[in-house]
$ cat upload_5.pdb   # PDB, C-alpha atoms, pLDDT in the B column
ATOM      1  CA  MET A 936      65.118  95.114 155.074  1.00 46.00           C
ATOM      2  CA  GLU A 937      67.238  97.643 156.972  1.00 59.00           C
ATOM      3  CA  ASP A 938      65.841 101.172 156.814  1.00 86.00           C
ATOM      4  CA  LEU A 939      68.544 103.568 155.669  1.00 94.00           C
ATOM      5  CA  LYS A 940      66.192 106.514 155.179  1.00 94.00           C
ATOM      6  CA  GLY A 941      68.113 109.758 155.282  1.00 94.00           C
ATOM      7  CA  VAL A 942      71.503 108.110 155.859  1.00 98.00           C
ATOM      8  CA  LYS A 943      74.172 109.994 153.905  1.00 98.00           C
ATOM      9  CA  ILE A 944      76.363 107.356 152.292  1.00 98.00           C
ATOM     10  CA  GLY A 945      79.489 108.114 150.323  1.00 98.00           C
ATOM     11  CA  TYR A 946      79.797 105.281 147.806  1.00 98.00           C
ATOM     12  CA  ALA A 947      83.277 105.007 146.326  1.00 98.00           C
ATOM     13  CA  ILE A 948      84.155 102.764 143.400  1.00 98.00           C
ATOM     14  CA  CYS A 949      87.657 101.631 142.464  1.00 97.00           C
ATOM     15  CA  GLY A 950      88.885  99.907 139.304  1.00 91.00           C
ATOM     16  CA  SER A 951      87.624  96.364 139.752  1.00 93.00           C
ATOM     17  CA  PHE A 952      85.787  96.808 136.468  1.00 94.00           C
ATOM     18  CA  CYS A 953      84.305  93.300 136.345  1.00 92.00           C
ATOM     19  CA  THR A 954      82.219  94.132 139.443  1.00 94.00           C
ATOM     20  CA  PHE A 955      80.796  97.481 138.304  1.00 96.00           C
ATOM     21  CA  ARG A 956      77.385  96.087 137.334  1.00 96.00           C
ATOM     22  CA  ARG A 957      77.003  94.369 140.723  1.00 96.00           C
ATOM     23  CA  THR A 958      78.063  97.480 142.644  1.00 96.00           C
ATOM     24  CA  ILE A 959      75.656  99.684 140.690  1.00 97.00           C
ATOM     25  CA  ASP A 960      72.870  97.191 141.421  1.00 97.00           C
ATOM     26  CA  GLU A 961      73.743  97.453 145.117  1.00 97.00           C
ATOM     27  CA  MET A 962      73.706 101.244 144.906  1.00 98.00           C
ATOM     28  CA  LYS A 963      70.167 100.957 143.516  1.00 98.00           C
ATOM     29  CA  GLU A 964      69.215  98.810 146.503  1.00 96.00           C
ATOM     30  CA  LEU A 965      70.567 101.407 148.929  1.00 97.00           C
ATOM     31  CA  VAL A 966      68.547 104.134 147.209  1.00 97.00           C
ATOM     32  CA  LYS A 967      65.429 101.921 147.486  1.00 96.00           C
ATOM     33  CA  ARG A 968      66.100 101.691 151.215  1.00 96.00           C
ATOM     34  CA  GLY A 969      66.058 105.486 151.470  1.00 96.00           C
ATOM     35  CA  ALA A 970      69.780 106.259 151.560  1.00 97.00           C
ATOM     36  CA  GLU A 971      71.163 109.457 150.093  1.00 98.00           C
ATOM     37  CA  LEU A 972      74.201 108.505 147.976  1.00 98.00           C
ATOM     38  CA  PHE A 973      77.264 110.634 147.258  1.00 98.00           C
ATOM     39  CA  PRO A 974      79.166 108.896 144.429  1.00 98.00           C
ATOM     40  CA  ILE A 975      82.969 108.853 144.379  1.00 98.00           C
ATOM     41  CA  MET A 976      85.148 107.175 141.759  1.00 98.00           C
ATOM     42  CA  SER A 977      88.872 106.607 141.514  1.00 97.00           C
ATOM     43  CA  ASP A 978      90.565 108.161 138.493  1.00 95.00           C
ATOM     44  CA  ASN A 979      90.844 104.755 136.822  1.00 95.00           C
ATOM     45  CA  ALA A 980      87.214 103.869 137.500  1.00 96.00           C
ATOM     46  CA  TYR A 981      86.095 107.273 136.232  1.00 97.00           C
ATOM     47  CA  SER A 982      88.228 107.436 133.091  1.00 96.00           C
ATOM     48  CA  LEU A 983      89.150 103.998 131.710  1.00 96.00           C
ATOM     49  CA  ASP A 984      87.075 102.198 129.113  1.00 96.00           C
ATOM     50  CA  THR A 985      87.371  98.414 129.434  1.00 96.00           C
ATOM     51  CA  ARG A 986      85.812  95.282 127.990  1.00 96.00           C
ATOM     52  CA  PHE A 987      83.180  95.662 130.723  1.00 96.00           C
ATOM     53  CA  GLY A 988      81.953  99.033 129.439  1.00 96.00           C
ATOM     54  CA  LYS A 989      82.703 102.678 128.813  1.00 97.00           C
ATOM     55  CA  ALA A 990      83.712 104.821 131.761  1.00 96.00           C
ATOM     56  CA  ALA A 991      81.474 107.707 130.718  1.00 97.00           C
ATOM     57  CA  ASP A 992      78.451 105.392 130.565  1.00 97.00           C
ATOM     58  CA  PHE A 993      79.067 104.074 134.079  1.00 97.00           C
ATOM     59  CA  ALA A 994      79.596 107.595 135.449  1.00 97.00           C
ATOM     60  CA  ALA A 995      76.419 108.867 133.765  1.00 98.00           C
ATOM     61  CA  GLU A 996      74.368 105.962 135.139  1.00 98.00           C
ATOM     62  CA  ILE A 997      75.731 106.514 138.639  1.00 98.00           C
ATOM     63  CA  GLU A 998      75.084 110.264 138.496  1.00 98.00           C
ATOM     64  CA  ALA A 999      71.497 109.683 137.348  1.00 98.00           C
ATOM     65  CA  LEU A1000      70.950 107.155 140.140  1.00 98.00           C
ATOM     66  CA  CYS A1001      72.421 109.391 142.859  1.00 98.00           C
ATOM     67  CA  GLY A1002      71.137 112.723 141.546  1.00 97.00           C
ATOM     68  CA  ARG A1003      74.552 114.352 141.870  1.00 98.00           C
ATOM     69  CA  SER A1004      77.915 114.522 140.116  1.00 98.00           C
ATOM     70  CA  VAL A1005      80.593 111.939 140.764  1.00 98.00           C
ATOM     71  CA  ILE A1006      83.403 113.131 143.033  1.00 98.00           C
ATOM     72  CA  HIS A1007      86.523 112.081 141.134  1.00 98.00           C
ATOM     73  CA  THR A1008      89.270 114.561 141.988  1.00 97.00           C
ATOM     74  CA  ILE A1009      91.245 115.263 145.136  1.00 97.00           C
ATOM     75  CA  PRO A1010      89.914 118.856 145.447  1.00 97.00           C
ATOM     76  CA  GLU A1011      86.337 117.545 145.193  1.00 97.00           C
ATOM     77  CA  ALA A1012      86.983 114.899 147.880  1.00 97.00           C
ATOM     78  CA  GLU A1013      88.735 117.153 150.412  1.00 96.00           C
ATOM     79  CA  PRO A1014      85.592 118.913 151.778  1.00 96.00           C
ATOM     80  CA  ILE A1015      84.103 115.573 152.888  1.00 97.00           C
ATOM     81  CA  GLY A1016      85.981 115.892 156.181  1.00 95.00           C
ATOM     82  CA  PRO A1017      85.596 119.561 157.127  1.00 95.00           C
ATOM     83  CA  GLN A1018      81.948 119.626 156.050  1.00 96.00           C
ATOM     84  CA  LYS A1019      81.177 116.317 157.821  1.00 96.00           C
ATOM     85  CA  LEU A1020      79.295 115.435 154.650  1.00 97.00           C
ATOM     86  CA  LEU A1021      78.772 111.696 155.226  1.00 98.00           C
ATOM     87  CA  ASP A1022      77.381 109.409 157.906  1.00 98.00           C
ATOM     88  CA  VAL A1023      79.255 106.446 156.440  1.00 98.00           C
ATOM     89  CA  LEU A1024      81.662 105.916 153.541  1.00 98.00           C
ATOM     90  CA  VAL A1025      81.607 102.696 151.522  1.00 98.00           C
ATOM     91  CA  ILE A1026      84.461 101.724 149.191  1.00 98.00           C
ATOM     92  CA  SER A1027      83.161  98.862 147.072  1.00 98.00           C
ATOM     93  CA  PRO A1028      84.766  97.491 145.022  1.00 97.00           C
ATOM     94  CA  CYS A1029      87.996  98.265 146.845  1.00 98.00           C
ATOM     95  CA  THR A1030      91.041  97.089 144.905  1.00 97.00           C
ATOM     96  CA  GLY A1031      94.335  95.824 146.277  1.00 96.00           C
ATOM     97  CA  ASN A1032      95.881  99.117 145.198  1.00 97.00           C
ATOM     98  CA  THR A1033      93.447 101.147 147.280  1.00 98.00           C
ATOM     99  CA  LEU A1034      93.762  98.738 150.225  1.00 98.00           C
ATOM    100  CA  ALA A1035      97.524  99.378 150.181  1.00 97.00           C
ATOM    101  CA  LYS A1036      96.997 103.136 150.070  1.00 97.00           C
ATOM    102  CA  LEU A1037      94.536 103.052 152.969  1.00 98.00           C
ATOM    103  CA  ALA A1038      96.784 100.824 155.086  1.00 97.00           C
ATOM    104  CA  SER A1039      99.794 103.042 154.400  1.00 97.00           C
ATOM    105  CA  GLY A1040      98.087 106.426 154.768  1.00 96.00           C
ATOM    106  CA  VAL A1041      98.605 107.357 151.106  1.00 97.00           C
ATOM    107  CA  THR A1042      95.983 109.840 149.903  1.00 96.00           C
ATOM    108  CA  ASP A1043      96.856 110.494 146.265  1.00 96.00           C
ATOM    109  CA  THR A1044      93.444 109.592 144.800  1.00 96.00           C
ATOM    110  CA  ALA A1045      89.937 110.918 145.312  1.00 97.00           C
ATOM    111  CA  VAL A1046      88.876 107.663 146.990  1.00 98.00           C
ATOM    112  CA  ALA A1047      91.840 107.516 149.392  1.00 98.00           C
ATOM    113  CA  LEU A1048      91.485 111.191 150.305  1.00 97.00           C
ATOM    114  CA  ALA A1049      87.735 110.776 150.801  1.00 98.00           C
ATOM    115  CA  ALA A1050      88.485 107.956 153.266  1.00 98.00           C
ATOM    116  CA  LYS A1051      91.067 110.031 155.146  1.00 97.00           C
ATOM    117  CA  ALA A1052      88.787 113.079 155.234  1.00 96.00           C
ATOM    118  CA  HIS A1053      85.848 110.978 156.449  1.00 97.00           C
ATOM    119  CA  LEU A1054      87.802 109.027 159.092  1.00 97.00           C
ATOM    120  CA  ARG A1055      89.081 112.234 160.666  1.00 96.00           C
ATOM    121  CA  ASN A1056      85.532 112.696 161.957  1.00 96.00           C
ATOM    122  CA  ALA A1057      85.607 109.226 163.605  1.00 97.00           C
ATOM    123  CA  ARG A1058      82.843 108.050 161.289  1.00 97.00           C
ATOM    124  CA  PRO A1059      82.637 104.529 159.823  1.00 98.00           C
ATOM    125  CA  LEU A1060      84.427 103.404 156.677  1.00 98.00           C
ATOM    126  CA  VAL A1061      83.043 100.209 155.101  1.00 98.00           C
ATOM    127  CA  ILE A1062      85.260  98.295 152.675  1.00 98.00           C
ATOM    128  CA  GLY A1063      84.133  95.795 150.037  1.00 98.00           C
ATOM    129  CA  VAL A1064      87.260  93.949 148.895  1.00 98.00           C
ATOM    130  CA  SER A1065      87.617  92.882 145.274  1.00 96.00           C
ATOM    131  CA  THR A1066      91.157  91.889 144.373  1.00 95.00           C
ATOM    132  CA  ASN A1067      93.004  88.970 142.838  1.00 94.00           C
ATOM    133  CA  ASP A1068      95.688  89.135 145.539  1.00 94.00           C
ATOM    134  CA  ALA A1069      93.552  89.309 148.708  1.00 95.00           C
ATOM    135  CA  LEU A1070      95.148  86.123 150.064  1.00 94.00           C
ATOM    136  CA  ALA A1071      98.627  87.108 148.871  1.00 95.00           C
ATOM    137  CA  ALA A1072     100.186  90.594 148.759  1.00 95.00           C
ATOM    138  CA  ALA A1073      97.003  92.389 149.860  1.00 96.00           C
ATOM    139  CA  ALA A1074      96.422  90.108 152.873  1.00 96.00           C
ATOM    140  CA  LYS A1075      98.660  92.157 155.164  1.00 97.00           C
ATOM    141  CA  ASN A1076      96.775  95.332 154.245  1.00 97.00           C
ATOM    142  CA  ILE A1077      93.397  93.716 154.862  1.00 97.00           C
ATOM    143  CA  GLY A1078      94.655  92.477 158.236  1.00 96.00           C
ATOM    144  CA  MET A1079      96.003  95.902 159.145  1.00 97.00           C
ATOM    145  CA  LEU A1080      92.757  97.627 158.196  1.00 98.00           C
ATOM    146  CA  MET A1081      90.661  95.061 160.088  1.00 96.00           C
ATOM    147  CA  ASN A1082      92.482  96.213 163.200  1.00 96.00           C
ATOM    148  CA  CYS A1083      91.771  99.930 162.637  1.00 97.00           C
ATOM    149  CA  LYS A1084      89.157 101.836 164.571  1.00 97.00           C
ATOM    150  CA  ASN A1085      86.080 102.840 162.545  1.00 98.00           C
ATOM    151  CA  VAL A1086      86.993 100.538 159.629  1.00 98.00           C
ATOM    152  CA  TYR A1087      84.578  97.731 158.766  1.00 98.00           C
ATOM    153  CA  PHE A1088      84.364  95.130 156.010  1.00 98.00           C
ATOM    154  CA  ILE A1089      81.505  93.844 153.911  1.00 98.00           C
ATOM    155  CA  PRO A1090      81.608  90.026 153.970  1.00 97.00           C
ATOM    156  CA  MET A1091      83.881  88.536 151.302  1.00 97.00           C
ATOM    157  CA  SER A1092      85.000  85.154 150.081  1.00 96.00           C
ATOM    158  CA  GLN A1093      87.075  83.481 147.408  1.00 95.00           C
ATOM    159  CA  ASP A1094      85.444  83.844 144.020  1.00 91.00           C
ATOM    160  CA  ASP A1095      87.339  81.061 142.216  1.00 90.00           C
ATOM    161  CA  PRO A1096      89.548  78.974 144.564  1.00 92.00           C
ATOM    162  CA  VAL A1097      90.801  76.741 141.739  1.00 95.00           C
ATOM    163  CA  LYS A1098      91.700  79.192 138.969  1.00 95.00           C
ATOM    164  CA  LYS A1099      92.358  82.246 141.174  1.00 94.00           C
ATOM    165  CA  PRO A1100      93.334  80.881 144.608  1.00 94.00           C
ATOM    166  CA  ASN A1101      94.367  84.270 146.045  1.00 95.00           C
ATOM    167  CA  SER A1102      91.330  86.187 144.806  1.00 95.00           C
ATOM    168  CA  MET A1103      88.474  87.386 146.993  1.00 95.00           C
ATOM    169  CA  VAL A1104      85.377  89.380 146.194  1.00 96.00           C
ATOM    170  CA  VAL A1105      82.826  91.224 148.278  1.00 97.00           C
ATOM    171  CA  HIS A1106      79.323  89.813 148.780  1.00 96.00           C
ATOM    172  CA  PHE A1107      77.542  92.873 147.409  1.00 96.00           C
ATOM    173  CA  ASP A1108      74.185  91.728 148.780  1.00 95.00           C
ATOM    174  CA  LYS A1109      75.596  92.041 152.319  1.00 96.00           C
ATOM    175  CA  THR A1110      76.310  95.763 151.875  1.00 97.00           C
ATOM    176  CA  PRO A1111      73.217  97.093 153.713  1.00 97.00           C
ATOM    177  CA  GLU A1112      73.854  94.745 156.647  1.00 96.00           C
ATOM    178  CA  ALA A1113      77.507  95.807 156.815  1.00 97.00           C
ATOM    179  CA  ILE A1114      76.559  99.488 156.668  1.00 98.00           C
ATOM    180  CA  GLN A1115      74.030  99.086 159.479  1.00 97.00           C
ATOM    181  CA  GLY A1116      76.563  97.167 161.531  1.00 97.00           C
ATOM    182  CA  ALA A1117      79.171  99.883 161.000  1.00 97.00           C
ATOM    183  CA  LEU A1118      76.705 102.602 161.984  1.00 97.00           C
ATOM    184  CA  ASP A1119      76.084 100.573 165.169  1.00 97.00           C
ATOM    185  CA  GLY A1120      79.831 100.115 165.740  1.00 97.00           C
ATOM    186  CA  LYS A1121      79.755  96.375 164.951  1.00 97.00           C
ATOM    187  CA  GLN A1122      81.589  94.274 162.371  1.00 97.00           C
ATOM    188  CA  VAL A1123      79.433  91.653 160.671  1.00 94.00           C
ATOM    189  CA  GLN A1124      81.186  88.345 159.938  1.00 91.00           C
ATOM    190  CA  PRO A1125      83.763  89.522 157.349  1.00 92.00           C
ATOM    191  CA  LEU A1126      84.936  86.228 155.845  1.00 88.00           C
ATOM    192  CA  TYR A1127      82.968  83.423 154.267  1.00 78.00           C
ATOM    193  CA  LEU A1128      85.153  80.400 153.690  1.00 67.00           C
TER     194      LEU A1128
END

$ encode --input "upload_5.pdb" --output "structure tokens"
Amino acid sequence: MEDLKGVKIGYAICGSFCTFRRTIDEMKELVKRGAELFPIMSDNAYSLDTRFGKAADFAAEIEALCGRSVIHTIPEAEPIGPQKLLDVLVISPCTGNTLAKLASGVTDTAVALAAKAHLRNARPLVIGVSTNDALAAAAKNIGMLMNCKNVYFIPMSQDDPVKKPNSMVVHFDKTPEAIQGALDGKQVQPLYL
């Protein structure tokens, strides 16, 4: 078990609603390992109720787990850079929409701005992909981001090659290993085929 005691981790969640339970479970694991979590949610993740649960319930659970309010607006995310608030920023689940924003330098959401603000300090960004078009439209953005300095990926693989052949999802249980690798400047094996 990697010791993450005292590591300040921004943990950003985008709108891959079907993975929220798994990402919250992984957040719990990081807290068990001693990490200090700063929760960030995209507007959709923070505000949309879906068949997977109510947004307010997820936000309340995350705030209770982390002991602080969810950062969910651009003004709340902006100080992350100037204050050098985080040691590492994790975006997991990271949707195809957010991958496109990151690859294109678009910062019109709290998550995208948090990433920009954090990367300006040359600190690691760790991405956990969860999108139905990872091997289609989002593939170019994943490839572009894999070639960026200080950007790392949590291992991912296809989640249903027959019914959803372009879909990939993060291996949430590999998050601590990916974070430690990023803090050490190393990319763990990103793709499981």

$ axis_aligned_box --input "upload_5.pdb" --around "segment 974-992 of chain A" --padding-each-side "4 Å" --output "lines of an AutoDock Vina configuration file"
center_x = 84.6
center_y = 102.1
center_z = 136.2
size_x = 20.4
size_y = 21.6
size_z = 24.4

$ closest_atom_pairs --input "upload_5.pdb" --of "segment 938-1012 of chain A" --to "segment 1084-1106 of chain A" --cutoff "10 Å" --atoms "only C-alpha atoms" --output "tab-separated table"
residue	atom	partner	partner_atom	distance
A:Ser951	CA	A:Val1104	CA	9.8
A:Thr954	CA	A:Val1104	CA	8.8
A:Arg957	CA	A:His1106	CA	9.5
A:Thr958	CA	A:Val1105	CA	9.7

$ residues_near_point --input "upload_5.pdb" --point "(89.8, 107.3, 143.7)" --cutoff "9 Å" --atoms "all atoms listed in the file" --output "PDB file with C-alpha atoms, in the frame of the given file"
ATOM      1  CA  ALA A 947      83.277 105.007 146.326  1.00 98.00           C
ATOM      2  CA  ILE A 948      84.155 102.764 143.400  1.00 98.00           C
ATOM      3  CA  CYS A 949      87.657 101.631 142.464  1.00 97.00           C
ATOM      4  CA  GLY A 950      88.885  99.907 139.304  1.00 91.00           C
ATOM      5  CA  ILE A 975      82.969 108.853 144.379  1.00 98.00           C
ATOM      6  CA  MET A 976      85.148 107.175 141.759  1.00 98.00           C
ATOM      7  CA  SER A 977      88.872 106.607 141.514  1.00 97.00           C
ATOM      8  CA  ASP A 978      90.565 108.161 138.493  1.00 95.00           C
ATOM      9  CA  ASN A 979      90.844 104.755 136.822  1.00 95.00           C
ATOM     10  CA  ALA A 980      87.214 103.869 137.500  1.00 96.00           C
ATOM     11  CA  TYR A 981      86.095 107.273 136.232  1.00 97.00           C
ATOM     12  CA  ILE A1006      83.403 113.131 143.033  1.00 98.00           C
ATOM     13  CA  HIS A1007      86.523 112.081 141.134  1.00 98.00           C
ATOM     14  CA  THR A1008      89.270 114.561 141.988  1.00 97.00           C
ATOM     15  CA  ILE A1009      91.245 115.263 145.136  1.00 97.00           C
ATOM     16  CA  THR A1033      93.447 101.147 147.280  1.00 98.00           C
ATOM     17  CA  ASP A1043      96.856 110.494 146.265  1.00 96.00           C
ATOM     18  CA  THR A1044      93.444 109.592 144.800  1.00 96.00           C
ATOM     19  CA  ALA A1045      89.937 110.918 145.312  1.00 97.00           C
ATOM     20  CA  VAL A1046      88.876 107.663 146.990  1.00 98.00           C
ATOM     21  CA  ALA A1047      91.840 107.516 149.392  1.00 98.00           C
ATOM     22  CA  LEU A1048      91.485 111.191 150.305  1.00 97.00           C
ATOM     23  CA  ALA A1049      87.735 110.776 150.801  1.00 98.00           C
TER      24      ALA A1049
END

$ resolve_selection --input "upload_5.pdb" --expression "the PyMOL selection byres ((chain A and resi 1057) around 12)" --output "list in words"
Gly1016, Lys1019, Leu1021, Asp1022, Val1023, Leu1024, Ala1050, Lys1051, Ala1052, His1053, Leu1054, Arg1055, Asn1056, Arg1058, Pro1059, Leu1060, Cys1083, Lys1084, Asn1085, Val1086, Ala1117, Leu1118 and Gly1120 of chain A

$ write_last_selection --input "upload_5.pdb" --atoms "C-alpha atoms" --output "mmCIF file, in the coordinates of the input"
data_model
loop_
_atom_site.group_PDB
_atom_site.id
_atom_site.type_symbol
_atom_site.label_atom_id
_atom_site.label_comp_id
_atom_site.auth_asym_id
_atom_site.auth_seq_id
_atom_site.Cartn_x
_atom_site.Cartn_y
_atom_site.Cartn_z
ATOM 1 C CA GLY A 1016 85.981 115.892 156.181
ATOM 2 C CA LYS A 1019 81.177 116.317 157.821
ATOM 3 C CA LEU A 1021 78.772 111.696 155.226
ATOM 4 C CA ASP A 1022 77.381 109.409 157.906
ATOM 5 C CA VAL A 1023 79.255 106.446 156.440
ATOM 6 C CA LEU A 1024 81.662 105.916 153.541
ATOM 7 C CA ALA A 1050 88.485 107.956 153.266
ATOM 8 C CA LYS A 1051 91.067 110.031 155.146
ATOM 9 C CA ALA A 1052 88.787 113.079 155.234
ATOM 10 C CA HIS A 1053 85.848 110.978 156.449
ATOM 11 C CA LEU A 1054 87.802 109.027 159.092
ATOM 12 C CA ARG A 1055 89.081 112.234 160.666
ATOM 13 C CA ASN A 1056 85.532 112.696 161.957
ATOM 14 C CA ARG A 1058 82.843 108.050 161.289
ATOM 15 C CA PRO A 1059 82.637 104.529 159.823
ATOM 16 C CA LEU A 1060 84.427 103.404 156.677
ATOM 17 C CA CYS A 1083 91.771 99.930 162.637
ATOM 18 C CA LYS A 1084 89.157 101.836 164.571
ATOM 19 C CA ASN A 1085 86.080 102.840 162.545
ATOM 20 C CA VAL A 1086 86.993 100.538 159.629
ATOM 21 C CA ALA A 1117 79.171 99.883 161.000
ATOM 22 C CA LEU A 1118 76.705 102.602 161.984
ATOM 23 C CA GLY A 1120 79.831 100.115 165.740
#

$ closest_residue --input "upload_5.pdb" --among "A:Asn1067, A:Ser982, A:Thr1110, A:Asn1076" --to "Val1123 of chain A" --atoms "only C-alpha atoms"
A:Thr1110

$ residues_around --input "upload_5.pdb" --residues "Ala995 of chain A" --least-positions-apart "2" --cutoff "12 Å" --atoms "all atoms listed in the file" --output "mmCIF file with C-alpha atoms, in the frame of the given file"
data_model
loop_
_atom_site.group_PDB
_atom_site.id
_atom_site.type_symbol
_atom_site.label_atom_id
_atom_site.label_comp_id
_atom_site.auth_asym_id
_atom_site.auth_seq_id
_atom_site.Cartn_x
_atom_site.Cartn_y
_atom_site.Cartn_z
ATOM 1 C CA ILE A 959 75.656 99.684 140.690
ATOM 2 C CA PRO A 974 79.166 108.896 144.429
ATOM 3 C CA MET A 976 85.148 107.175 141.759
ATOM 4 C CA TYR A 981 86.095 107.273 136.232
ATOM 5 C CA SER A 982 88.228 107.436 133.091
ATOM 6 C CA LYS A 989 82.703 102.678 128.813
ATOM 7 C CA ALA A 990 83.712 104.821 131.761
ATOM 8 C CA ALA A 991 81.474 107.707 130.718
ATOM 9 C CA ASP A 992 78.451 105.392 130.565
ATOM 10 C CA PHE A 993 79.067 104.074 134.079
ATOM 11 C CA ILE A 997 75.731 106.514 138.639
ATOM 12 C CA GLU A 998 75.084 110.264 138.496
ATOM 13 C CA ALA A 999 71.497 109.683 137.348
ATOM 14 C CA LEU A 1000 70.950 107.155 140.140
ATOM 15 C CA CYS A 1001 72.421 109.391 142.859
ATOM 16 C CA GLY A 1002 71.137 112.723 141.546
ATOM 17 C CA ARG A 1003 74.552 114.352 141.870
ATOM 18 C CA SER A 1004 77.915 114.522 140.116
ATOM 19 C CA VAL A 1005 80.593 111.939 140.764
#
